[in-house]
>>> print(open('my_file26.cif').read())   # mmCIF, C-alpha atoms; chains and numbers go by the auth columns
data_entry
loop_
_atom_site.group_PDB
_atom_site.id
_atom_site.type_symbol
_atom_site.label_atom_id
_atom_site.label_comp_id
_atom_site.label_asym_id
_atom_site.label_seq_id
_atom_site.Cartn_x
_atom_site.Cartn_y
_atom_site.Cartn_z
_atom_site.B_iso_or_equiv
_atom_site.auth_seq_id
_atom_site.auth_asym_id
ATOM 1 C CA MET A 1 116.249 75.387 175.672 0.00 26 A
ATOM 2 C CA ASN A 2 119.353 77.487 176.294 0.00 27 A
ATOM 3 C CA GLU A 3 121.225 79.474 173.599 0.00 28 A
ATOM 4 C CA ARG A 4 123.828 76.782 173.016 0.00 29 A
ATOM 5 C CA GLU A 5 121.181 74.100 172.515 0.00 30 A
ATOM 6 C CA LYS A 6 119.250 76.418 170.187 0.00 31 A
ATOM 7 C CA ARG A 7 122.381 77.036 168.044 0.00 32 A
ATOM 8 C CA GLU A 8 123.039 73.287 167.882 0.00 33 A
ATOM 9 C CA GLN A 9 119.446 72.625 166.844 0.00 34 A
ATOM 10 C CA LEU A 10 119.632 75.283 164.105 0.00 35 A
ATOM 11 C CA ARG A 11 122.932 73.835 162.906 0.00 36 A
ATOM 12 C CA ASP A 12 121.433 70.326 162.807 0.00 37 A
ATOM 13 C CA VAL A 13 118.397 71.520 160.840 0.00 38 A
ATOM 14 C CA CYS A 14 120.602 73.356 158.344 0.00 39 A
ATOM 15 C CA ARG A 15 122.874 70.336 157.931 0.00 40 A
ATOM 16 C CA LEU A 16 119.878 68.094 157.234 0.00 41 A
ATOM 17 C CA PHE A 17 118.497 70.595 154.748 0.00 42 A
ATOM 18 C CA ILE A 18 121.832 70.917 152.930 0.00 43 A
ATOM 19 C CA ARG A 19 122.418 67.156 152.928 0.00 44 A
ATOM 20 C CA THR A 20 118.948 66.549 151.490 0.00 45 A
ATOM 21 C CA ASP A 21 119.633 69.105 148.754 0.00 46 A
ATOM 22 C CA ARG A 22 122.969 67.436 147.949 0.00 47 A
ATOM 23 C CA MET A 23 121.371 63.977 147.788 0.00 48 A
ATOM 24 C CA HIS A 24 118.696 65.278 145.418 0.00 49 A
ATOM 25 C CA ARG A 25 121.306 67.050 143.269 0.00 50 A
ATOM 26 C CA LYS A 26 123.416 63.863 143.058 0.00 51 A
ATOM 27 C CA ARG A 27 120.421 61.917 141.768 0.00 52 A
ATOM 28 C CA VAL A 28 119.772 64.578 139.124 0.00 53 A
ATOM 29 C CA GLU A 29 123.466 64.684 138.178 0.00 54 A
ATOM 30 C CA ARG A 30 123.585 60.891 137.852 0.00 55 A
ATOM 31 C CA PHE A 31 120.648 61.071 135.451 0.00 56 A
ATOM 32 C CA SER A 32 122.354 63.859 133.473 0.00 57 A
ATOM 33 C CA GLU A 33 125.464 61.698 133.148 0.00 58 A
ATOM 34 C CA GLU A 34 123.350 58.758 131.958 0.00 59 A
ATOM 35 C CA ILE A 35 121.945 60.803 129.081 0.00 60 A
ATOM 36 C CA GLY A 36 125.322 62.383 128.301 0.00 61 A
ATOM 37 C CA VAL A 37 124.470 65.994 129.074 0.00 62 A
ATOM 38 C CA HIS A 38 126.415 67.920 131.746 0.00 63 A
ATOM 39 C CA ARG A 39 124.284 69.423 134.511 0.00 64 A
ATOM 40 C CA SER A 40 124.813 73.027 133.364 0.00 65 A
ATOM 41 C CA GLN A 41 123.999 72.054 129.765 0.00 66 A
ATOM 42 C CA HIS A 42 120.915 70.245 130.986 0.00 67 A
ATOM 43 C CA PHE A 43 119.822 73.324 132.910 0.00 68 A
ATOM 44 C CA VAL A 44 120.134 75.449 129.740 0.00 69 A
ATOM 45 C CA LEU A 45 118.108 72.916 127.726 0.00 70 A
ATOM 46 C CA MET A 46 115.344 72.956 130.315 0.00 71 A
ATOM 47 C CA ARG A 47 115.199 76.771 130.366 0.00 72 A
ATOM 48 C CA ILE A 48 114.949 76.928 126.557 0.00 73 A
ATOM 49 C CA ALA A 49 112.082 74.433 126.731 0.00 74 A
ATOM 50 C CA ASP A 50 110.414 76.518 129.439 0.00 75 A
ATOM 51 C CA MET A 51 110.682 79.510 127.093 0.00 76 A
ATOM 52 C CA GLY A 52 108.738 77.659 124.406 0.00 77 A
ATOM 53 C CA GLY A 53 111.670 75.956 122.710 0.00 78 A
ATOM 54 C CA THR A 54 113.083 79.087 121.080 0.00 79 A
ATOM 55 C CA ALA A 55 114.915 82.002 122.665 0.00 80 A
ATOM 56 C CA SER A 56 117.377 84.673 121.723 0.00 81 A
ATOM 57 C CA GLN A 57 120.807 84.086 123.161 0.00 82 A
ATOM 58 C CA LYS A 58 120.579 87.477 124.869 0.00 83 A
ATOM 59 C CA GLU A 59 117.247 86.789 126.617 0.00 84 A
ATOM 60 C CA LEU A 60 118.404 83.308 127.590 0.00 85 A
ATOM 61 C CA ALA A 61 121.556 84.715 129.185 0.00 86 A
ATOM 62 C CA LYS A 62 119.431 87.236 131.072 0.00 87 A
ATOM 63 C CA CYS A 63 117.025 84.514 132.258 0.00 88 A
ATOM 64 C CA LEU A 64 119.955 82.375 133.448 0.00 89 A
ATOM 65 C CA GLU A 65 121.724 85.397 134.972 0.00 90 A
ATOM 66 C CA ILE A 66 124.993 84.675 133.144 0.00 91 A
ATOM 67 C CA SER A 67 126.944 86.552 130.505 0.00 92 A
ATOM 68 C CA PRO A 68 126.209 85.861 126.836 0.00 93 A
ATOM 69 C CA ALA A 69 129.883 84.896 126.427 0.00 94 A
ATOM 70 C CA ALA A 70 129.632 82.224 129.146 0.00 95 A
ATOM 71 C CA LEU A 71 126.446 80.919 127.564 0.00 96 A
ATOM 72 C CA THR A 72 128.127 80.642 124.151 0.00 97 A
ATOM 73 C CA VAL A 73 130.380 77.799 125.323 0.00 98 A
ATOM 74 C CA THR A 74 127.442 75.747 126.604 0.00 99 A
ATOM 75 C CA LEU A 75 125.347 76.446 123.510 0.00 100 A
ATOM 76 C CA ARG A 76 128.204 75.342 121.272 0.00 101 A
ATOM 77 C CA LYS A 77 128.388 71.990 123.076 0.00 102 A
ATOM 78 C CA LEU A 78 124.627 71.509 122.951 0.00 103 A
ATOM 79 C CA GLU A 79 124.567 72.396 119.265 0.00 104 A
ATOM 80 C CA SER A 80 127.364 69.945 118.454 0.00 105 A
ATOM 81 C CA GLY A 81 125.451 67.250 120.385 0.00 106 A
ATOM 82 C CA GLY A 82 122.369 67.852 118.243 0.00 107 A
ATOM 83 C CA TYR A 83 120.205 69.186 121.082 0.00 108 A
ATOM 84 C CA LEU A 84 119.633 72.637 119.601 0.00 109 A
ATOM 85 C CA GLU A 85 120.194 74.786 116.556 0.00 110 A
ATOM 86 C CA LYS A 86 121.629 78.278 116.654 0.00 111 A
ATOM 87 C CA LYS A 87 120.854 80.743 113.869 0.00 112 A
ATOM 88 C CA PRO A 88 121.490 84.462 113.392 0.00 113 A
ATOM 89 C CA THR A 89 118.499 86.699 114.032 0.00 114 A
ATOM 90 C CA GLU A 90 116.878 88.083 110.912 0.00 115 A
ATOM 91 C CA GLY A 91 118.066 91.635 110.361 0.00 116 A
ATOM 92 C CA ASP A 92 120.886 91.380 112.926 0.00 117 A
ATOM 93 C CA GLY A 93 123.592 88.850 112.110 0.00 118 A
ATOM 94 C CA ARG A 94 125.300 89.526 115.460 0.00 119 A
ATOM 95 C CA ALA A 95 122.398 88.208 117.553 0.00 120 A
ATOM 96 C CA ASN A 96 121.491 84.522 117.686 0.00 121 A
ATOM 97 C CA VAL A 97 118.292 82.582 118.234 0.00 122 A
ATOM 98 C CA VAL A 98 118.487 79.075 119.686 0.00 123 A
ATOM 99 C CA THR A 99 115.842 76.439 119.046 0.00 124 A
ATOM 100 C CA LEU A 100 115.518 72.978 120.549 0.00 125 A
ATOM 101 C CA THR A 101 115.762 70.106 118.107 0.00 126 A
ATOM 102 C CA GLU A 102 113.709 66.930 118.332 0.00 127 A
ATOM 103 C CA ARG A 103 116.570 65.414 120.339 0.00 128 A
ATOM 104 C CA GLY A 104 116.465 68.378 122.750 0.00 129 A
ATOM 105 C CA TRP A 105 112.725 67.939 123.253 0.00 130 A
ATOM 106 C CA GLN A 106 113.225 64.208 123.872 0.00 131 A
ATOM 107 C CA VAL A 107 115.751 64.974 126.607 0.00 132 A
ATOM 108 C CA ARG A 108 113.308 67.414 128.159 0.00 133 A
ATOM 109 C CA GLU A 109 110.471 64.874 128.208 0.00 134 A
ATOM 110 C CA LEU A 110 112.685 62.137 129.633 0.00 135 A
ATOM 111 C CA SER A 111 114.008 64.613 132.217 0.00 136 A
ATOM 112 C CA MET A 112 110.535 65.626 133.318 0.00 137 A
ATOM 113 C CA GLU A 113 109.625 61.967 133.852 0.00 138 A
ATOM 114 C CA ARG A 114 112.825 61.197 135.768 0.00 139 A
ATOM 115 C CA PHE A 115 112.669 64.365 137.888 0.00 140 A
ATOM 116 C CA SER A 116 109.060 63.605 138.818 0.00 141 A
ATOM 117 C CA ALA A 117 110.105 60.124 139.928 0.00 142 A
ATOM 118 C CA ILE A 118 113.010 61.489 141.988 0.00 143 A
ATOM 119 C CA ASP A 119 110.754 64.101 143.612 0.00 144 A
ATOM 120 C CA ALA A 120 108.045 61.518 144.320 0.00 145 A
ATOM 121 C CA GLN A 121 110.596 59.231 145.961 0.00 146 A
ATOM 122 C CA MET A 122 111.955 62.086 148.076 0.00 147 A
ATOM 123 C CA LEU A 123 108.478 63.091 149.267 0.00 148 A
ATOM 124 C CA ASP A 124 107.043 59.588 149.611 0.00 149 A
ATOM 125 C CA GLY A 125 104.832 59.173 152.665 0.00 150 A
ATOM 126 C CA PHE A 126 104.119 62.874 153.186 0.00 151 A
ATOM 127 C CA SER A 127 100.442 63.744 153.529 0.00 152 A
ATOM 128 C CA ASP A 128 98.931 66.661 151.613 0.00 153 A
ATOM 129 C CA GLY A 129 98.829 68.608 154.868 0.00 154 A
ATOM 130 C CA GLU A 130 102.488 67.898 155.608 0.00 155 A
ATOM 131 C CA LEU A 131 103.480 68.975 152.088 0.00 156 A
ATOM 132 C CA GLY A 132 101.519 72.205 152.558 0.00 157 A
ATOM 133 C CA VAL A 133 103.319 72.899 155.833 0.00 158 A
ATOM 134 C CA LEU A 134 106.691 72.092 154.226 0.00 159 A
ATOM 135 C CA VAL A 135 105.979 74.487 151.356 0.00 160 A
ATOM 136 C CA GLY A 136 105.120 77.194 153.854 0.00 161 A
ATOM 137 C CA PHE A 137 108.346 76.625 155.770 0.00 162 A
ATOM 138 C CA LEU A 138 110.475 76.668 152.599 0.00 163 A
ATOM 139 C CA GLU A 139 108.797 79.852 151.373 0.00 164 A
ATOM 140 C CA ARG A 140 109.448 81.494 154.740 0.00 165 A
ATOM 141 C CA MET A 141 113.110 80.422 154.589 0.00 166 A
ATOM 142 C CA GLN A 142 113.439 81.997 151.138 0.00 167 A
ATOM 143 C CA LYS A 143 111.742 85.167 152.348 0.00 168 A
ATOM 144 C CA ASN A 144 114.126 85.337 155.316 0.00 169 A
ATOM 145 C CA LEU A 145 117.145 84.958 153.030 0.00 170 A
ATOM 146 C CA ARG A 146 115.829 87.540 150.548 0.00 171 A
ATOM 147 C CA ALA A 147 115.474 90.067 153.378 0.00 172 A
ATOM 148 C CA GLU A 148 119.262 90.366 153.512 0.00 173 A
ATOM 149 C CA ASN A 149 119.201 91.948 150.055 0.00 174 A
ATOM 150 C CA GLU A 150 116.798 94.704 151.094 0.00 175 A
ATOM 151 C CA PRO A 151 117.990 98.057 152.437 0.00 176 A
ATOM 152 C CA SER A 152 118.115 98.130 156.232 0.00 177 A
ATOM 153 C CA ASP A 153 115.318 100.734 156.486 0.00 178 A
ATOM 154 C CA VAL A 154 112.957 98.401 154.594 0.00 179 A
ATOM 155 C CA LYS A 155 113.780 95.491 156.948 0.00 180 A
ATOM 156 C CA ARG A 156 112.884 97.632 159.964 0.00 181 A
ATOM 157 C CA GLY A 157 109.578 98.637 158.370 0.00 182 A
ATOM 158 C CA GLU A 158 110.497 102.318 158.165 0.00 183 A
#
>>> encode(input="my_file26.cif", output="structure tokens")
Amino acid sequence: MNEREKREQLRDVCRLFIRTDRMHRKRVERFSEEIGVHRSQHFVLMRIADMGGTASQKELAKCLEISPAALTVTLRKLESGGYLEKKPTEGDGRANVVTLTERGWQVRELSMERFSAIDAQMLDGFSDGELGVLVGFLERMQKNLRAENEPSDVKRGE
């Protein structure tokens, strides 16, 4: 295979990978619309659940890698929708703790069921061995992309 053919093959693989990701994301977004929660709000709900259902606004912002101010807008919408409650931290009225409500937990459970179904459909027909190989490939791709963030002397093994 010459260089041009190799570049075309890499481009085709990347396009397939990106298109698959977009198709998966569209399915998740369609579900989010069905339940009336925007994708970014849904993501915040899921992270709070992953953190045990209660988190300080500051630690949640850190976990999501966004500013507390940006998170405030989303939390306000989720609170007004009845998905969570926000209360000042004891001893520090400036800091807030957010807690999922029963409605928030219901969305999480429904989401877990729907996401599992979407994932199962996407991976239907793959053997255990094929899934293991795919996981290895995806992990290697992530490792390759992370390497860009390392100093150049680390990449060279110096």
>>> atom_distance(input="my_file26.cif", atom1="CA of Asp75 in chain A", atom2="CA of Glu155 in chain A")
28.7 Å
>>> residues_around(input="my_file26.cif", residues="range 121-125 of chain A", least_positions_apart="6", cutoff="7 Å", atoms="all atoms listed in the file", output="list of chain:residue names")
A:Gly78, A:Thr79, A:Ala80, A:Ser81, A:Gln82, A:Tyr108, A:Leu109, A:Glu110, A:Lys111, A:Lys112, A:Pro113, A:Thr114
>>> resolve_selection(input="my_file26.cif", expression="the PyMOL selection byres ((chain A and resi 106) around 12)", output="list in words")
Ile60, Gly61, Val62, His63, Gln66, His67, Leu70, Thr99, Leu100, Arg101, Lys102, Leu103, Glu104, Ser105, Gly107, Tyr108, Leu109, Glu110, Leu125, Thr126, Glu127, Arg128, Gly129 and Val132 of chain A
>>> write_last_selection(input="my_file26.cif", atoms="C-alpha atoms", output="mmCIF file, in the coordinates of the input")
data_model
loop_
_atom_site.group_PDB
_atom_site.id
_atom_site.type_symbol
_atom_site.label_atom_id
_atom_site.label_comp_id
_atom_site.auth_asym_id
_atom_site.auth_seq_id
_atom_site.Cartn_x
_atom_site.Cartn_y
_atom_site.Cartn_z
ATOM 1 C CA ILE A 60 121.945 60.803 129.081
ATOM 2 C CA GLY A 61 125.322 62.383 128.301
ATOM 3 C CA VAL A 62 124.470 65.994 129.074
ATOM 4 C CA HIS A 63 126.415 67.920 131.746
ATOM 5 C CA GLN A 66 123.999 72.054 129.765
ATOM 6 C CA HIS A 67 120.915 70.245 130.986
ATOM 7 C CA LEU A 70 118.108 72.916 127.726
ATOM 8 C CA THR A 99 127.442 75.747 126.604
ATOM 9 C CA LEU A 100 125.347 76.446 123.510
ATOM 10 C CA ARG A 101 128.204 75.342 121.272
ATOM 11 C CA LYS A 102 128.388 71.990 123.076
ATOM 12 C CA LEU A 103 124.627 71.509 122.951
ATOM 13 C CA GLU A 104 124.567 72.396 119.265
ATOM 14 C CA SER A 105 127.364 69.945 118.454
ATOM 15 C CA GLY A 107 122.369 67.852 118.243
ATOM 16 C CA TYR A 108 120.205 69.186 121.082
ATOM 17 C CA LEU A 109 119.633 72.637 119.601
ATOM 18 C CA GLU A 110 120.194 74.786 116.556
ATOM 19 C CA LEU A 125 115.518 72.978 120.549
ATOM 20 C CA THR A 126 115.762 70.106 118.107
ATOM 21 C CA GLU A 127 113.709 66.930 118.332
ATOM 22 C CA ARG A 128 116.570 65.414 120.339
ATOM 23 C CA GLY A 129 116.465 68.378 122.750
ATOM 24 C CA VAL A 132 115.751 64.974 126.607
#
>>> resolve_selection(input="my_file26.cif", expression="the PyMOL selection byres ((chain A and resi 140) around 12)", output="number ranges by chain")
A: 49-57, 71, 132-139, 141-147
>>> atom_distance(input="my_file26.cif", atom1="CA of Ile91 in chain A", atom2="CA of Phe68 in chain A")
12.5 Å
>>> residues_around(input="my_file26.cif", residues="Leu85 in chain A", least_positions_apart="6", cutoff="9 Å", atoms="all atoms listed in the file", output="MDAnalysis selection string")
chainID A and resid 69 72:73 76 91 93 96 123
>>> axis_aligned_box(input="my_file26.cif", around="range 50-58 of chain A", padding_each_side="3 Å", output="lines of an AutoDock Vina configuration file")
center_x = 122.6
center_y = 64.0
center_z = 138.2
size_x = 11.7
size_y = 12.2
size_z = 16.1
>>> atom_distance(input="my_file26.cif", atom1="CA of Asp46 in chain A", atom2="CA of Gly157 in chain A")
18.8 Å
>>> closest_residue(input="my_file26.cif", among="A:Lys87, A:Lys168, A:Phe162, A:Ser92", to="Phe42 in chain A", atoms="all atoms listed in the file")
A:Phe162
>>> build_atoms(input="my_file26.cif", residues="range 131-144 of chain A", atoms="N, CA and C atoms", output="PDB file, keeping the file's coordinate frame")
ATOM      1  N   GLN A 131     113.244  65.554 123.295  1.00  0.00           N
ATOM      2  CA  GLN A 131     113.225  64.208 123.872  1.00  0.00           C
ATOM      3  C   GLN A 131     113.914  64.190 125.232  1.00  0.00           C
ATOM      4  N   VAL A 132     115.042  64.895 125.324  1.00  0.00           N
ATOM      5  CA  VAL A 132     115.751  64.974 126.607  1.00  0.00           C
ATOM      6  C   VAL A 132     114.876  65.663 127.639  1.00  0.00           C
ATOM      7  N   ARG A 133     114.175  66.702 127.223  1.00  0.00           N
ATOM      8  CA  ARG A 133     113.308  67.414 128.159  1.00  0.00           C
ATOM      9  C   ARG A 133     112.196  66.495 128.682  1.00  0.00           C
ATOM     10  N   GLU A 134     111.555  65.766 127.791  1.00  0.00           N
ATOM     11  CA  GLU A 134     110.471  64.874 128.208  1.00  0.00           C
ATOM     12  C   GLU A 134     110.982  63.778 129.141  1.00  0.00           C
ATOM     13  N   LEU A 135     112.086  63.167 128.787  1.00  0.00           N
ATOM     14  CA  LEU A 135     112.685  62.137 129.633  1.00  0.00           C
ATOM     15  C   LEU A 135     113.071  62.721 130.993  1.00  0.00           C
ATOM     16  N   SER A 136     113.610  63.932 130.981  1.00  0.00           N
ATOM     17  CA  SER A 136     114.008  64.613 132.217  1.00  0.00           C
ATOM     18  C   SER A 136     112.810  64.875 133.111  1.00  0.00           C
ATOM     19  N   MET A 137     111.726  65.343 132.521  1.00  0.00           N
ATOM     20  CA  MET A 137     110.535  65.626 133.318  1.00  0.00           C
ATOM     21  C   MET A 137     110.022  64.352 133.996  1.00  0.00           C
ATOM     22  N   GLU A 138     110.053  63.237 133.265  1.00  0.00           N
ATOM     23  CA  GLU A 138     109.625  61.967 133.852  1.00  0.00           C
ATOM     24  C   GLU A 138     110.550  61.555 134.996  1.00  0.00           C
ATOM     25  N   ARG A 139     111.854  61.634 134.755  1.00  0.00           N
ATOM     26  CA  ARG A 139     112.825  61.197 135.768  1.00  0.00           C
ATOM     27  C   ARG A 139     112.781  62.112 136.980  1.00  0.00           C
ATOM     28  N   PHE A 140     112.706  63.431 136.764  1.00  0.00           N
ATOM     29  CA  PHE A 140     112.669  64.365 137.888  1.00  0.00           C
ATOM     30  C   PHE A 140     111.414  64.144 138.730  1.00  0.00           C
ATOM     31  N   SER A 141     110.298  63.875 138.073  1.00  0.00           N
ATOM     32  CA  SER A 141     109.060  63.605 138.818  1.00  0.00           C
ATOM     33  C   SER A 141     109.227  62.368 139.688  1.00  0.00           C
ATOM     34  N   ALA A 142     109.888  61.350 139.155  1.00  0.00           N
ATOM     35  CA  ALA A 142     110.105  60.124 139.928  1.00  0.00           C
ATOM     36  C   ALA A 142     111.024  60.383 141.116  1.00  0.00           C
ATOM     37  N   ILE A 143     112.079  61.162 140.898  1.00  0.00           N
ATOM     38  CA  ILE A 143     113.010  61.489 141.988  1.00  0.00           C
ATOM     39  C   ILE A 143     112.278  62.281 143.070  1.00  0.00           C
ATOM     40  N   ASP A 144     111.495  63.278 142.650  1.00  0.00           N
ATOM     41  CA  ASP A 144     110.754  64.101 143.612  1.00  0.00           C
ATOM     42  C   ASP A 144     109.732  63.261 144.374  1.00  0.00           C
TER      43      ASP A 144
END
